[in-house]
Amino acid sequence: MELKEFGAVLASTAEVRWLGLEGPCRTAATVTLEPAGRSRWDEPVRITVRGLAPGQPVTLRASLRDEKGELFRAHARYLADGSGELDLTSAPALGGSFSGLEPMGLFWALKPEKPFQRLVKRDVQTPFAKELEVLDGHDPEPQRLLCQAGLERDFLPPGVRREPVRTRRVRATLFLPSEPATFPGIMDIPGAGGGLLEYRASLLARKGFAVMALAYYNYEDLPKDLKSLHLEYFEEAVNYLLNHPKGEEIMQLHQGKGYVKTQVEIGVMQLQVKECQGLPSAASN
């Protein structure tokens, strides 16, 4: 068969054999992320893949490395629609790290490659870099890479002010909205492990809260363990936030469990009641 005749045959049929895969002609696939480039960690991202064959099976795989270099991954299997498009806001996952209609599943389903690792953002001033891959076929053996895209997920929204707090015994970071007003206060207290974790506080400040991420052990010159828990320390932190020009009433977030969580919650509630009744506090004496 001459070259021209061969080309005519290809043009007259809707099916070809490509890289050992038989099916409708596959064009160059592209993946689109909205918003593209950089977005907040808690902001929805719309994922769309175009240029697939109608009904084509694909596997989407997401990955990122934390600040310690640990790898976290998630994947899901999908089928393109009749026009060769895949929109995760309307296409259910057929299995993998999750199943069903989960437009953000590739974000919340990330699991560590090594067991017992936890995905935690230590430095909110830098973003997480995430990679998204679209592969032909389904697990356990997806085929070739069709397309890929990268994005950054940050934790410190534009306009949010980050203020380290080192006053008396208090070791904390205060996150404030940019607007010239007062805001409801939140005291964000970590659980077991201690340290100073700022990722929730930085994101909540964008929602209109004055948020204090408070360390109470295992950080700088604070106690290294929880052999003793001094509620006066939390009283100092509460008073600092109440007396801040942008702070109002205080709510609390706590990740801990059991005794520590109960003692902290009871102590903070007692301080709030005392403040409402106009009673003097130890930190003001």
# chains A, B, ... in the order shown; residues from 1 in each chain; ligands from 1
>>> residues_around(residues="region 214-228 of chain A", least_positions_apart="4", cutoff="7 Å", atoms="only C-alpha atoms", output="list in words")
Arg171, Ala172, Thr173, Met187, Asp188, Ile189, Gly194, Gly195 and Leu196 of chain A
>>> select_by_dssp(residues="region 78-265 of chain A", states="strand (DSSP E)", output="CSV table (one decimal) with all heavy atoms, in the first residue's frame")
chain,number,residue,atom,x,y,z
A,78,TYR,N,-10.9,7.4,37.0
A,78,TYR,CA,-12.1,8.1,36.4
A,78,TYR,C,-12.3,7.6,34.9
A,78,TYR,O,-11.4,7.0,34.4
A,78,TYR,CB,-11.8,9.6,36.3
A,78,TYR,CG,-11.8,10.3,37.6
A,78,TYR,CD1,-10.5,10.5,38.3
A,78,TYR,CD2,-12.9,10.8,38.3
A,78,TYR,CE1,-10.4,11.2,39.5
A,78,TYR,CE2,-12.8,11.5,39.5
A,78,TYR,CZ,-11.6,11.6,40.1
A,78,TYR,OH,-11.5,12.3,41.3
A,79,LEU,N,-13.4,8.0,34.4
A,79,LEU,CA,-13.7,7.8,33.0
A,79,LEU,C,-14.1,9.1,32.4
A,79,LEU,O,-14.9,9.9,32.9
A,79,LEU,CB,-14.9,6.8,32.8
A,79,LEU,CG,-14.7,5.3,33.1
A,79,LEU,CD1,-16.0,4.5,32.9
A,79,LEU,CD2,-13.5,4.7,32.3
A,86,LEU,N,-13.1,15.5,31.3
A,86,LEU,CA,-13.2,15.0,32.7
A,86,LEU,C,-13.2,16.2,33.6
A,86,LEU,O,-12.3,16.9,33.7
A,86,LEU,CB,-12.1,14.1,33.0
A,86,LEU,CG,-12.0,13.6,34.5
A,86,LEU,CD1,-13.2,12.7,34.8
A,86,LEU,CD2,-10.7,12.8,34.7
A,87,ASP,N,-14.4,16.4,34.3
A,87,ASP,CA,-14.5,17.5,35.2
A,87,ASP,C,-14.8,16.9,36.6
A,87,ASP,O,-15.8,16.3,36.8
A,87,ASP,CB,-15.7,18.4,34.7
A,87,ASP,CG,-15.8,19.7,35.6
A,87,ASP,OD1,-15.2,19.7,36.7
A,87,ASP,OD2,-16.5,20.6,35.2
A,111,LYS,N,-2.0,10.7,51.6
A,111,LYS,CA,-1.5,9.8,52.7
A,111,LYS,C,0.0,9.7,52.5
A,111,LYS,O,0.5,9.7,51.4
A,111,LYS,CB,-2.2,8.4,52.5
A,111,LYS,CG,-3.7,8.4,52.8
A,111,LYS,CD,-4.2,7.0,52.8
A,111,LYS,CE,-5.7,7.0,53.1
A,111,LYS,NZ,-6.2,5.6,53.1
A,112,PRO,N,0.7,9.5,53.7
A,112,PRO,CA,2.1,9.4,53.6
A,112,PRO,C,2.6,8.1,53.0
A,112,PRO,O,2.0,7.0,53.2
A,112,PRO,CB,2.5,9.5,55.1
A,112,PRO,CG,1.3,8.9,55.8
A,112,PRO,CD,0.1,9.3,55.0
A,128,PHE,N,3.1,25.0,50.1
A,128,PHE,CA,3.4,23.6,49.7
A,128,PHE,C,3.3,23.5,48.2
A,128,PHE,O,2.4,24.1,47.5
A,128,PHE,CB,2.3,22.7,50.2
A,128,PHE,CG,2.6,22.1,51.6
A,128,PHE,CD1,1.6,21.9,52.5
A,128,PHE,CD2,3.9,21.7,51.9
A,128,PHE,CE1,1.9,21.3,53.8
A,128,PHE,CE2,4.2,21.1,53.1
A,128,PHE,CZ,3.2,20.9,54.1
A,129,ALA,N,4.2,22.8,47.5
A,129,ALA,CA,4.2,22.6,46.1
A,129,ALA,C,3.6,21.2,45.8
A,129,ALA,O,4.0,20.2,46.4
A,129,ALA,CB,5.6,22.7,45.5
A,130,LYS,N,2.6,21.2,44.9
A,130,LYS,CA,1.8,20.0,44.7
A,130,LYS,C,1.9,19.7,43.2
A,130,LYS,O,1.8,20.5,42.3
A,130,LYS,CB,0.4,20.1,45.1
A,130,LYS,CG,-0.4,18.9,45.1
A,130,LYS,CD,-1.7,19.0,45.9
A,130,LYS,CE,-2.5,17.7,46.0
A,130,LYS,NZ,-3.7,17.8,46.8
A,131,GLU,N,2.0,18.4,42.9
A,131,GLU,CA,2.1,17.9,41.5
A,131,GLU,C,0.9,17.0,41.2
A,131,GLU,O,0.4,16.2,42.0
A,131,GLU,CB,3.4,17.0,41.3
A,131,GLU,CG,3.6,16.6,39.9
A,131,GLU,CD,4.2,17.8,39.0
A,131,GLU,OE1,4.7,18.8,39.6
A,131,GLU,OE2,4.1,17.7,37.8
A,132,LEU,N,0.3,17.3,40.0
A,132,LEU,CA,-0.9,16.5,39.6
A,132,LEU,C,-0.6,15.9,38.3
A,132,LEU,O,-0.2,16.5,37.3
A,132,LEU,CB,-2.1,17.4,39.4
A,132,LEU,CG,-3.4,16.7,39.0
A,132,LEU,CD1,-3.9,15.8,40.0
A,132,LEU,CD2,-4.5,17.8,38.7
A,133,GLU,N,-0.8,14.5,38.2
A,133,GLU,CA,-0.5,13.8,37.0
A,133,GLU,C,-1.8,13.1,36.5
A,133,GLU,O,-2.6,12.6,37.3
A,133,GLU,CB,0.6,12.7,37.2
A,133,GLU,CG,1.9,13.3,37.6
A,133,GLU,CD,2.9,12.2,38.0
A,133,GLU,OE1,2.5,11.3,38.8
A,133,GLU,OE2,4.0,12.2,37.6
A,134,VAL,N,-1.9,13.1,35.1
A,134,VAL,CA,-3.0,12.3,34.5
A,134,VAL,C,-2.4,11.2,33.7
A,134,VAL,O,-1.6,11.4,32.8
A,134,VAL,CB,-3.8,13.2,33.6
A,134,VAL,CG1,-5.0,12.4,32.9
A,134,VAL,CG2,-4.3,14.4,34.3
A,135,LEU,N,-2.7,9.9,34.1
A,135,LEU,CA,-2.2,8.8,33.4
A,135,LEU,C,-3.2,8.0,32.7
A,135,LEU,O,-4.4,7.9,33.1
A,135,LEU,CB,-1.5,7.8,34.4
A,135,LEU,CG,-0.4,8.5,35.2
A,135,LEU,CD1,-0.8,8.8,36.7
A,135,LEU,CD2,0.9,7.6,35.3
A,136,ASP,N,-2.9,7.4,31.6
A,136,ASP,CA,-3.8,6.6,30.8
A,136,ASP,C,-4.0,5.2,31.4
A,136,ASP,O,-3.1,4.6,31.9
A,136,ASP,CB,-3.2,6.4,29.4
A,136,ASP,CG,-4.2,5.8,28.4
A,136,ASP,OD1,-5.4,6.0,28.7
A,136,ASP,OD2,-3.8,5.3,27.4
A,145,LEU,N,2.0,8.6,30.9
A,145,LEU,CA,1.7,9.9,31.4
A,145,LEU,C,1.1,10.7,30.3
A,145,LEU,O,1.7,10.9,29.2
A,145,LEU,CB,2.9,10.6,32.0
A,145,LEU,CG,2.7,12.0,32.5
A,145,LEU,CD1,1.8,12.0,33.7
A,145,LEU,CD2,4.1,12.6,32.8
A,146,LEU,N,-0.1,11.2,30.4
A,146,LEU,CA,-0.8,12.0,29.4
A,146,LEU,C,-0.5,13.5,29.6
A,146,LEU,O,-0.2,14.2,28.6
A,146,LEU,CB,-2.3,11.8,29.5
A,146,LEU,CG,-2.8,10.4,29.2
A,146,LEU,CD1,-4.3,10.3,29.4
A,146,LEU,CD2,-2.4,9.9,27.8
A,147,CYS,N,-0.5,14.0,30.8
A,147,CYS,CA,-0.2,15.4,31.1
A,147,CYS,C,-0.1,15.6,32.5
A,147,CYS,O,-0.4,14.7,33.3
A,147,CYS,CB,-1.4,16.3,30.5
A,147,CYS,SG,-3.0,15.9,31.1
A,148,GLN,N,0.4,16.7,32.9
A,148,GLN,CA,0.7,17.0,34.3
A,148,GLN,C,0.6,18.5,34.6
A,148,GLN,O,0.7,19.3,33.6
A,148,GLN,CB,2.0,16.5,34.8
A,148,GLN,CG,3.2,17.0,34.1
A,148,GLN,CD,4.5,16.3,34.5
A,148,GLN,OE1,4.5,15.5,35.5
A,148,GLN,NE2,5.6,16.5,33.8
A,149,ALA,N,0.4,18.9,35.8
A,149,ALA,CA,0.4,20.3,36.2
A,149,ALA,C,0.9,20.5,37.6
A,149,ALA,O,0.8,19.5,38.4
A,149,ALA,CB,-1.0,20.9,36.0
A,150,GLY,N,1.4,21.6,37.9
A,150,GLY,CA,1.9,21.9,39.3
A,150,GLY,C,1.1,23.1,39.8
A,150,GLY,O,0.6,24.0,39.1
A,151,LEU,N,1.0,23.1,41.2
A,151,LEU,CA,0.4,24.3,41.8
A,151,LEU,C,1.0,24.4,43.2
A,151,LEU,O,1.6,23.5,43.7
A,151,LEU,CB,-1.2,24.1,41.9
A,151,LEU,CG,-1.7,23.1,42.9
A,151,LEU,CD1,-3.2,23.4,43.2
A,151,LEU,CD2,-1.7,21.7,42.3
A,152,GLU,N,0.8,25.6,43.7
A,152,GLU,CA,1.3,25.9,45.1
A,152,GLU,C,0.0,26.2,46.0
A,152,GLU,O,-0.9,26.9,45.5
A,152,GLU,CB,2.2,27.1,45.1
A,152,GLU,CG,3.5,26.8,44.4
A,152,GLU,CD,4.5,28.0,44.5
A,152,GLU,OE1,4.0,29.2,44.6
A,152,GLU,OE2,5.7,27.8,44.4
A,153,ARG,N,0.1,25.7,47.2
A,153,ARG,CA,-1.0,26.0,48.2
A,153,ARG,C,-0.4,26.7,49.4
A,153,ARG,O,0.5,26.1,50.1
A,153,ARG,CB,-1.6,24.6,48.6
A,153,ARG,CG,-2.1,23.8,47.5
A,153,ARG,CD,-3.5,24.3,47.0
A,153,ARG,NE,-4.5,23.8,47.8
A,153,ARG,CZ,-5.8,24.2,47.8
A,153,ARG,NH1,-6.2,25.2,46.9
A,153,ARG,NH2,-6.7,23.7,48.5
A,154,ASP,N,-0.8,27.9,49.6
A,154,ASP,CA,-0.2,28.7,50.6
A,154,ASP,C,-1.1,28.9,51.8
A,154,ASP,O,-2.3,28.5,51.8
A,154,ASP,CB,0.4,30.1,50.1
A,154,ASP,CG,-0.8,31.0,49.6
A,154,ASP,OD1,-1.9,30.9,50.1
A,154,ASP,OD2,-0.5,31.8,48.7
A,161,ARG,N,-1.7,40.0,58.6
A,161,ARG,CA,-0.5,40.4,59.3
A,161,ARG,C,-0.1,39.3,60.3
A,161,ARG,O,-0.9,38.9,61.1
A,161,ARG,CB,-0.7,41.8,60.0
A,161,ARG,CG,0.6,42.4,60.4
A,161,ARG,CD,0.4,43.9,60.6
A,161,ARG,NE,-0.2,44.2,62.0
A,161,ARG,CZ,-1.3,44.8,62.2
A,161,ARG,NH1,-2.1,45.1,61.1
A,161,ARG,NH2,-1.8,45.0,63.4
A,162,ARG,N,1.2,39.0,60.3
A,162,ARG,CA,1.7,38.0,61.2
A,162,ARG,C,2.6,38.7,62.2
A,162,ARG,O,3.6,39.3,61.9
A,162,ARG,CB,2.5,36.9,60.5
A,162,ARG,CG,3.1,35.9,61.3
A,162,ARG,CD,3.9,34.9,60.4
A,162,ARG,NE,4.6,33.9,61.2
A,162,ARG,CZ,5.8,34.0,61.8
A,162,ARG,NH1,6.5,35.1,61.6
A,162,ARG,NH2,6.3,33.0,62.5
A,163,GLU,N,2.2,38.6,63.5
A,163,GLU,CA,3.0,39.3,64.6
A,163,GLU,C,3.5,38.3,65.6
A,163,GLU,O,2.6,37.7,66.4
A,163,GLU,CB,2.1,40.3,65.3
A,163,GLU,CG,1.7,41.5,64.4
A,163,GLU,CD,0.8,42.5,65.2
A,163,GLU,OE1,0.6,42.3,66.4
A,163,GLU,OE2,0.5,43.5,64.6
A,164,PRO,N,4.8,38.0,65.7
A,164,PRO,CA,5.3,37.2,66.8
A,164,PRO,C,5.0,37.8,68.2
A,164,PRO,O,5.1,39.0,68.3
A,164,PRO,CB,6.8,37.1,66.5
A,164,PRO,CG,6.9,37.4,65.1
A,164,PRO,CD,5.8,38.4,64.8
A,165,VAL,N,4.6,37.0,69.1
A,165,VAL,CA,4.3,37.5,70.5
A,165,VAL,C,5.3,36.9,71.5
A,165,VAL,O,5.4,35.7,71.6
A,165,VAL,CB,2.9,37.2,70.9
A,165,VAL,CG1,2.6,37.6,72.3
A,165,VAL,CG2,1.9,37.8,69.9
A,166,ARG,N,6.1,37.7,72.1
A,166,ARG,CA,7.0,37.3,73.1
A,166,ARG,C,6.9,38.3,74.3
A,166,ARG,O,7.7,39.2,74.4
A,166,ARG,CB,8.5,37.3,72.6
A,166,ARG,CG,8.7,36.4,71.4
A,166,ARG,CD,8.5,34.9,71.7
A,166,ARG,NE,8.8,34.1,70.6
A,166,ARG,CZ,7.9,33.7,69.7
A,166,ARG,NH1,6.7,34.2,69.7
A,166,ARG,NH2,8.3,32.9,68.7
A,167,THR,N,5.9,38.2,75.1
A,167,THR,CA,5.6,39.1,76.2
A,167,THR,C,5.5,38.3,77.5
A,167,THR,O,4.7,37.4,77.5
A,167,THR,CB,4.4,40.0,75.9
A,167,THR,OG1,4.1,40.8,77.0
A,167,THR,CG2,3.2,39.1,75.6
A,170,VAL,N,4.4,34.5,77.6
A,170,VAL,CA,3.6,34.1,76.4
A,170,VAL,C,4.5,33.9,75.2
A,170,VAL,O,5.3,34.8,74.9
A,170,VAL,CB,2.5,35.1,76.2
A,170,VAL,CG1,1.7,34.6,74.9
A,170,VAL,CG2,1.5,35.1,77.3
A,171,ARG,N,4.4,32.8,74.6
A,171,ARG,CA,5.1,32.5,73.3
A,171,ARG,C,4.0,32.1,72.3
A,171,ARG,O,3.4,31.1,72.4
A,171,ARG,CB,6.1,31.3,73.5
A,171,ARG,CG,7.2,31.6,74.6
A,171,ARG,CD,8.1,32.7,74.2
A,171,ARG,NE,9.0,33.0,75.2
A,171,ARG,CZ,8.9,34.0,76.1
A,171,ARG,NH1,7.8,34.8,76.1
A,171,ARG,NH2,9.8,34.3,77.0
A,172,ALA,N,3.8,33.0,71.3
A,172,ALA,CA,2.7,32.8,70.4
A,172,ALA,C,3.0,33.6,69.1
A,172,ALA,O,4.0,34.3,69.0
A,172,ALA,CB,1.4,33.3,71.1
A,173,THR,N,2.0,33.5,68.2
A,173,THR,CA,2.0,34.3,67.0
A,173,THR,C,0.6,34.8,66.8
A,173,THR,O,-0.3,33.9,66.8
A,173,THR,CB,2.5,33.5,65.7
A,173,THR,OG1,3.8,33.0,66.0
A,173,THR,CG2,2.6,34.4,64.5
A,174,LEU,N,0.4,36.0,66.5
A,174,LEU,CA,-0.9,36.6,66.3
A,174,LEU,C,-1.1,36.9,64.8
A,174,LEU,O,-0.2,37.5,64.2
A,174,LEU,CB,-1.0,37.9,67.1
A,174,LEU,CG,-2.4,38.6,67.2
A,174,LEU,CD1,-3.4,37.7,67.8
A,174,LEU,CD2,-2.3,39.9,68.0
A,175,PHE,N,-2.2,36.5,64.3
A,175,PHE,CA,-2.6,36.8,62.9
A,175,PHE,C,-3.8,37.7,62.9
A,175,PHE,O,-4.8,37.4,63.5
A,175,PHE,CB,-2.8,35.5,62.2
A,175,PHE,CG,-1.6,34.6,62.0
A,175,PHE,CD1,-1.3,33.7,62.9
A,175,PHE,CD2,-0.8,34.7,60.8
A,175,PHE,CE1,-0.2,32.9,62.8
A,175,PHE,CE2,0.3,33.9,60.7
A,175,PHE,CZ,0.6,33.0,61.7
A,176,LEU,N,-3.6,38.8,62.1
A,176,LEU,CA,-4.7,39.8,62.1
A,176,LEU,C,-5.1,40.1,60.7
A,176,LEU,O,-4.3,40.3,59.8
A,176,LEU,CB,-4.1,41.1,62.8
A,176,LEU,CG,-3.7,41.0,64.2
A,176,LEU,CD1,-2.9,42.2,64.6
A,176,LEU,CD2,-4.9,40.8,65.1
A,183,PHE,N,-12.0,42.6,65.8
A,183,PHE,CA,-12.4,41.3,65.4
A,183,PHE,C,-12.6,40.3,66.5
A,183,PHE,O,-11.9,40.4,67.5
A,183,PHE,CB,-11.4,40.7,64.4
A,183,PHE,CG,-11.2,41.6,63.2
A,183,PHE,CD1,-10.1,42.5,63.2
A,183,PHE,CD2,-12.0,41.6,62.1
A,183,PHE,CE1,-9.8,43.3,62.1
A,183,PHE,CE2,-11.7,42.4,61.0
A,183,PHE,CZ,-10.7,43.3,61.0
A,184,PRO,N,-13.5,39.3,66.4
A,184,PRO,CA,-13.6,38.3,67.4
A,184,PRO,C,-12.3,37.6,67.5
A,184,PRO,O,-11.6,37.3,66.5
A,184,PRO,CB,-14.7,37.3,66.8
A,184,PRO,CG,-15.4,38.2,65.8
A,184,PRO,CD,-14.5,39.2,65.3
A,185,GLY,N,-11.9,37.3,68.7
A,185,GLY,CA,-10.6,36.6,69.0
A,185,GLY,C,-10.7,35.1,69.1
A,185,GLY,O,-11.7,34.6,69.6
A,186,ILE,N,-9.7,34.5,68.6
A,186,ILE,CA,-9.6,33.0,68.7
A,186,ILE,C,-8.2,32.7,69.2
A,186,ILE,O,-7.2,33.2,68.7
A,186,ILE,CB,-9.8,32.3,67.3
A,186,ILE,CG1,-11.3,32.5,66.8
A,186,ILE,CG2,-9.5,30.8,67.5
A,186,ILE,CD1,-11.5,31.9,65.5
A,187,MET,N,-8.2,31.8,70.2
A,187,MET,CA,-6.9,31.3,70.7
A,187,MET,C,-6.8,29.8,70.3
A,187,MET,O,-7.6,29.0,70.6
A,187,MET,CB,-6.8,31.3,72.2
A,187,MET,CG,-5.4,31.1,72.8
A,187,MET,SD,-5.2,31.7,74.5
A,187,MET,CE,-6.3,30.7,75.4
A,188,ASP,N,-5.8,29.6,69.4
A,188,ASP,CA,-5.6,28.3,68.8
A,188,ASP,C,-4.5,27.5,69.6
A,188,ASP,O,-3.3,27.9,69.5
A,188,ASP,CB,-5.2,28.4,67.3
A,188,ASP,CG,-5.1,27.1,66.6
A,188,ASP,OD1,-5.5,26.1,67.2
A,188,ASP,OD2,-4.7,27.1,65.4
A,189,ILE,N,-4.8,26.4,70.2
A,189,ILE,CA,-3.9,25.7,71.1
A,189,ILE,C,-3.6,24.4,70.6
A,189,ILE,O,-4.6,23.6,70.3
A,189,ILE,CB,-4.5,25.6,72.5
A,189,ILE,CG1,-4.9,27.0,73.1
A,189,ILE,CG2,-3.6,24.9,73.5
A,189,ILE,CD1,-5.7,26.9,74.4
A,210,ALA,N,-9.2,37.7,64.7
A,210,ALA,CA,-7.9,37.9,65.3
A,210,ALA,C,-7.5,36.6,66.0
A,210,ALA,O,-8.1,36.2,67.0
A,210,ALA,CB,-7.9,39.1,66.2
A,211,VAL,N,-6.5,35.9,65.5
A,211,VAL,CA,-6.2,34.5,65.9
A,211,VAL,C,-4.8,34.5,66.5
A,211,VAL,O,-3.8,34.9,65.9
A,211,VAL,CB,-6.3,33.5,64.8
A,211,VAL,CG1,-6.3,32.1,65.3
A,211,VAL,CG2,-7.6,33.8,64.0
A,212,MET,N,-4.7,33.9,67.7
A,212,MET,CA,-3.5,33.7,68.4
A,212,MET,C,-3.1,32.2,68.3
A,212,MET,O,-3.9,31.4,68.9
A,212,MET,CB,-3.5,34.2,69.8
A,212,MET,CG,-2.2,33.9,70.6
A,212,MET,SD,-2.2,34.3,72.3
A,212,MET,CE,-1.9,36.1,72.2
A,213,ALA,N,-2.1,31.9,67.7
A,213,ALA,CA,-1.5,30.5,67.7
A,213,ALA,C,-0.6,30.5,68.9
A,213,ALA,O,0.4,31.1,69.0
A,213,ALA,CB,-0.8,30.2,66.5
A,214,LEU,N,-1.0,29.7,69.9
A,214,LEU,CA,-0.3,29.7,71.2
A,214,LEU,C,0.5,28.4,71.5
A,214,LEU,O,-0.1,27.3,71.4
A,214,LEU,CB,-1.3,29.9,72.4
A,214,LEU,CG,-0.8,29.9,73.8
A,214,LEU,CD1,0.0,31.2,74.0
A,214,LEU,CD2,-2.0,29.9,74.8
A,215,ALA,N,1.7,28.6,71.8
A,215,ALA,CA,2.5,27.4,72.3
A,215,ALA,C,2.5,27.4,73.8
A,215,ALA,O,2.4,28.4,74.4
A,215,ALA,CB,4.0,27.6,71.8
A,247,GLY,N,-8.6,43.0,69.2
A,247,GLY,CA,-9.3,41.8,69.7
A,247,GLY,C,-10.6,42.1,70.4
A,247,GLY,O,-10.8,43.2,71.0
A,248,GLU,N,-11.5,41.2,70.4
A,248,GLU,CA,-12.8,41.3,71.1
A,248,GLU,C,-12.9,40.0,72.0
A,248,GLU,O,-12.0,39.6,72.6
A,248,GLU,CB,-14.0,41.4,70.1
A,248,GLU,CG,-14.0,42.7,69.3
A,248,GLU,CD,-15.1,42.8,68.3
A,248,GLU,OE1,-15.8,41.7,68.1
A,248,GLU,OE2,-15.4,43.8,67.7
A,249,GLU,N,-14.2,39.5,72.1
A,249,GLU,CA,-14.4,38.3,72.9
A,249,GLU,C,-13.5,37.2,72.3
A,249,GLU,O,-13.2,37.2,71.1
A,249,GLU,CB,-15.8,37.9,72.9
A,249,GLU,CG,-16.4,37.4,71.6
A,249,GLU,CD,-16.9,38.5,70.7
A,249,GLU,OE1,-16.6,39.6,71.0
A,249,GLU,OE2,-17.5,38.1,69.7
A,250,ILE,N,-13.2,36.1,73.1
A,250,ILE,CA,-12.3,35.1,72.7
A,250,ILE,C,-13.0,33.7,72.6
A,250,ILE,O,-13.8,33.3,73.5
A,250,ILE,CB,-11.1,35.0,73.7
A,250,ILE,CG1,-10.3,36.3,73.6
A,250,ILE,CG2,-10.2,33.8,73.4
A,250,ILE,CD1,-9.2,36.3,74.6
A,251,MET,N,-12.8,33.0,71.5
A,251,MET,CA,-13.1,31.6,71.4
A,251,MET,C,-11.8,30.8,71.4
A,251,MET,O,-10.8,31.4,71.4
A,251,MET,CB,-13.9,31.4,70.1
A,251,MET,CG,-15.2,32.2,70.0
A,251,MET,SD,-16.0,32.1,68.4
A,251,MET,CE,-15.0,33.3,67.5
A,252,GLN,N,-12.0,29.5,71.5
A,252,GLN,CA,-10.8,28.7,71.5
A,252,GLN,C,-10.9,27.5,70.6
A,252,GLN,O,-12.0,27.0,70.3
A,252,GLN,CB,-10.4,28.2,72.9
A,252,GLN,CG,-11.5,27.3,73.5
A,252,GLN,CD,-11.1,26.6,74.8
A,252,GLN,OE1,-10.0,26.1,74.8
A,252,GLN,NE2,-11.9,26.6,75.7
A,253,LEU,N,-9.7,27.1,70.0
A,253,LEU,CA,-9.6,25.8,69.3
A,253,LEU,C,-8.5,25.0,70.0
A,253,LEU,O,-7.5,25.5,70.4
A,253,LEU,CB,-9.1,26.1,67.9
A,253,LEU,CG,-10.1,26.8,66.9
A,253,LEU,CD1,-9.4,27.2,65.6
A,253,LEU,CD2,-11.3,26.0,66.7
A,254,HIS,N,-8.8,23.7,70.1
A,254,HIS,CA,-7.8,22.8,70.8
A,254,HIS,C,-7.8,21.5,70.1
A,254,HIS,O,-8.9,20.9,69.9
A,254,HIS,CB,-8.1,22.7,72.3
A,254,HIS,CG,-7.0,22.1,73.0
A,254,HIS,ND1,-6.7,20.8,73.0
A,254,HIS,CD2,-6.1,22.7,73.9
A,254,HIS,CE1,-5.6,20.6,73.8
A,254,HIS,NE2,-5.3,21.7,74.3
>>> closest_residue(among="A:Thr48, A:Thr30, A:Gln117, A:Thr59", to="Ala74 (chain A)", atoms="only C-alpha atoms")
A:Thr59
>>> select_by_dssp(residues="region 25-228 of chain A", states="alpha helix (DSSP H)", output="PyMOL selection string")
chain A and resi 105-108+199-205
>>> write_last_selection(atoms="N, CA, C and O atoms", output="mmCIF file, in the first residue's frame")
data_model
loop_
_atom_site.group_PDB
_atom_site.id
_atom_site.type_symbol
_atom_site.label_atom_id
_atom_site.label_comp_id
_atom_site.auth_asym_id
_atom_site.auth_seq_id
_atom_site.Cartn_x
_atom_site.Cartn_y
_atom_site.Cartn_z
ATOM 1 N N GLY A 105 -11.073 15.530 46.436
ATOM 2 C CA GLY A 105 -10.544 14.304 47.013
ATOM 3 C C GLY A 105 -9.045 14.163 46.883
ATOM 4 O O GLY A 105 -8.377 13.636 47.784
ATOM 5 N N LEU A 106 -8.475 14.626 45.783
ATOM 6 C CA LEU A 106 -7.031 14.505 45.583
ATOM 7 C C LEU A 106 -6.243 15.422 46.507
ATOM 8 O O LEU A 106 -5.012 15.351 46.551
ATOM 9 N N PHE A 107 -6.950 16.272 47.250
ATOM 10 C CA PHE A 107 -6.306 17.159 48.212
ATOM 11 C C PHE A 107 -6.445 16.598 49.631
ATOM 12 O O PHE A 107 -5.450 16.488 50.350
ATOM 13 N N TRP A 108 -7.669 16.232 50.028
ATOM 14 C CA TRP A 108 -7.843 15.801 51.417
ATOM 15 C C TRP A 108 -7.440 14.340 51.644
ATOM 16 O O TRP A 108 -7.229 13.930 52.792
ATOM 17 N N TYR A 199 -0.706 27.066 61.132
ATOM 18 C CA TYR A 199 -1.412 26.928 59.859
ATOM 19 C C TYR A 199 -2.906 27.216 59.961
ATOM 20 O O TYR A 199 -3.494 27.790 59.032
ATOM 21 N N ARG A 200 -3.550 26.839 61.059
ATOM 22 C CA ARG A 200 -4.985 27.154 61.190
ATOM 23 C C ARG A 200 -5.197 28.634 61.464
ATOM 24 O O ARG A 200 -6.103 29.263 60.915
ATOM 25 N N ALA A 201 -4.356 29.186 62.332
ATOM 26 C CA ALA A 201 -4.504 30.595 62.698
ATOM 27 C C ALA A 201 -4.343 31.510 61.494
ATOM 28 O O ALA A 201 -5.101 32.475 61.314
ATOM 29 N N SER A 202 -3.373 31.212 60.637
ATOM 30 C CA SER A 202 -3.132 32.078 59.480
ATOM 31 C C SER A 202 -4.309 32.054 58.510
ATOM 32 O O SER A 202 -4.659 33.084 57.921
ATOM 33 N N LEU A 203 -4.930 30.898 58.341
ATOM 34 C CA LEU A 203 -6.067 30.789 57.428
ATOM 35 C C LEU A 203 -7.327 31.403 58.022
ATOM 36 O O LEU A 203 -8.123 32.031 57.317
ATOM 37 N N LEU A 204 -7.525 31.233 59.319
ATOM 38 C CA LEU A 204 -8.721 31.795 59.962
ATOM 39 C C LEU A 204 -8.710 33.317 59.964
ATOM 40 O O LEU A 204 -9.769 33.952 59.929
ATOM 41 N N ALA A 205 -7.536 33.914 60.012
ATOM 42 C CA ALA A 205 -7.460 35.381 60.024
ATOM 43 C C ALA A 205 -8.071 35.967 58.764
ATOM 44 O O ALA A 205 -8.631 37.076 58.788
#
>>> atom_distance(atom1="CA of Gln125 (chain A)", atom2="CA of Phe209 (chain A)")
18.6 Å
>>> residues_around(residues="Pro44 (chain A)", least_positions_apart="3", cutoff="9 Å", atoms="only C-alpha atoms", output="PyMOL selection string")
chain A and resi 34-35+39-41+103-104
>>> residues_around(residues="Ala76 (chain A)", least_positions_apart="2", cutoff="9 Å", atoms="only C-alpha atoms", output="MDAnalysis selection string")
chainID A and resid 58:61 74 78 93:99 105:106 138:139
>>> atom_distance(atom1="CA of Arg144 (chain A)", atom2="CA of Ala29 (chain A)")
11.8 Å
>>> atom_distance(atom1="CA of Val31 (chain A)", atom2="CA of Val120 (chain A)")
27.4 Å
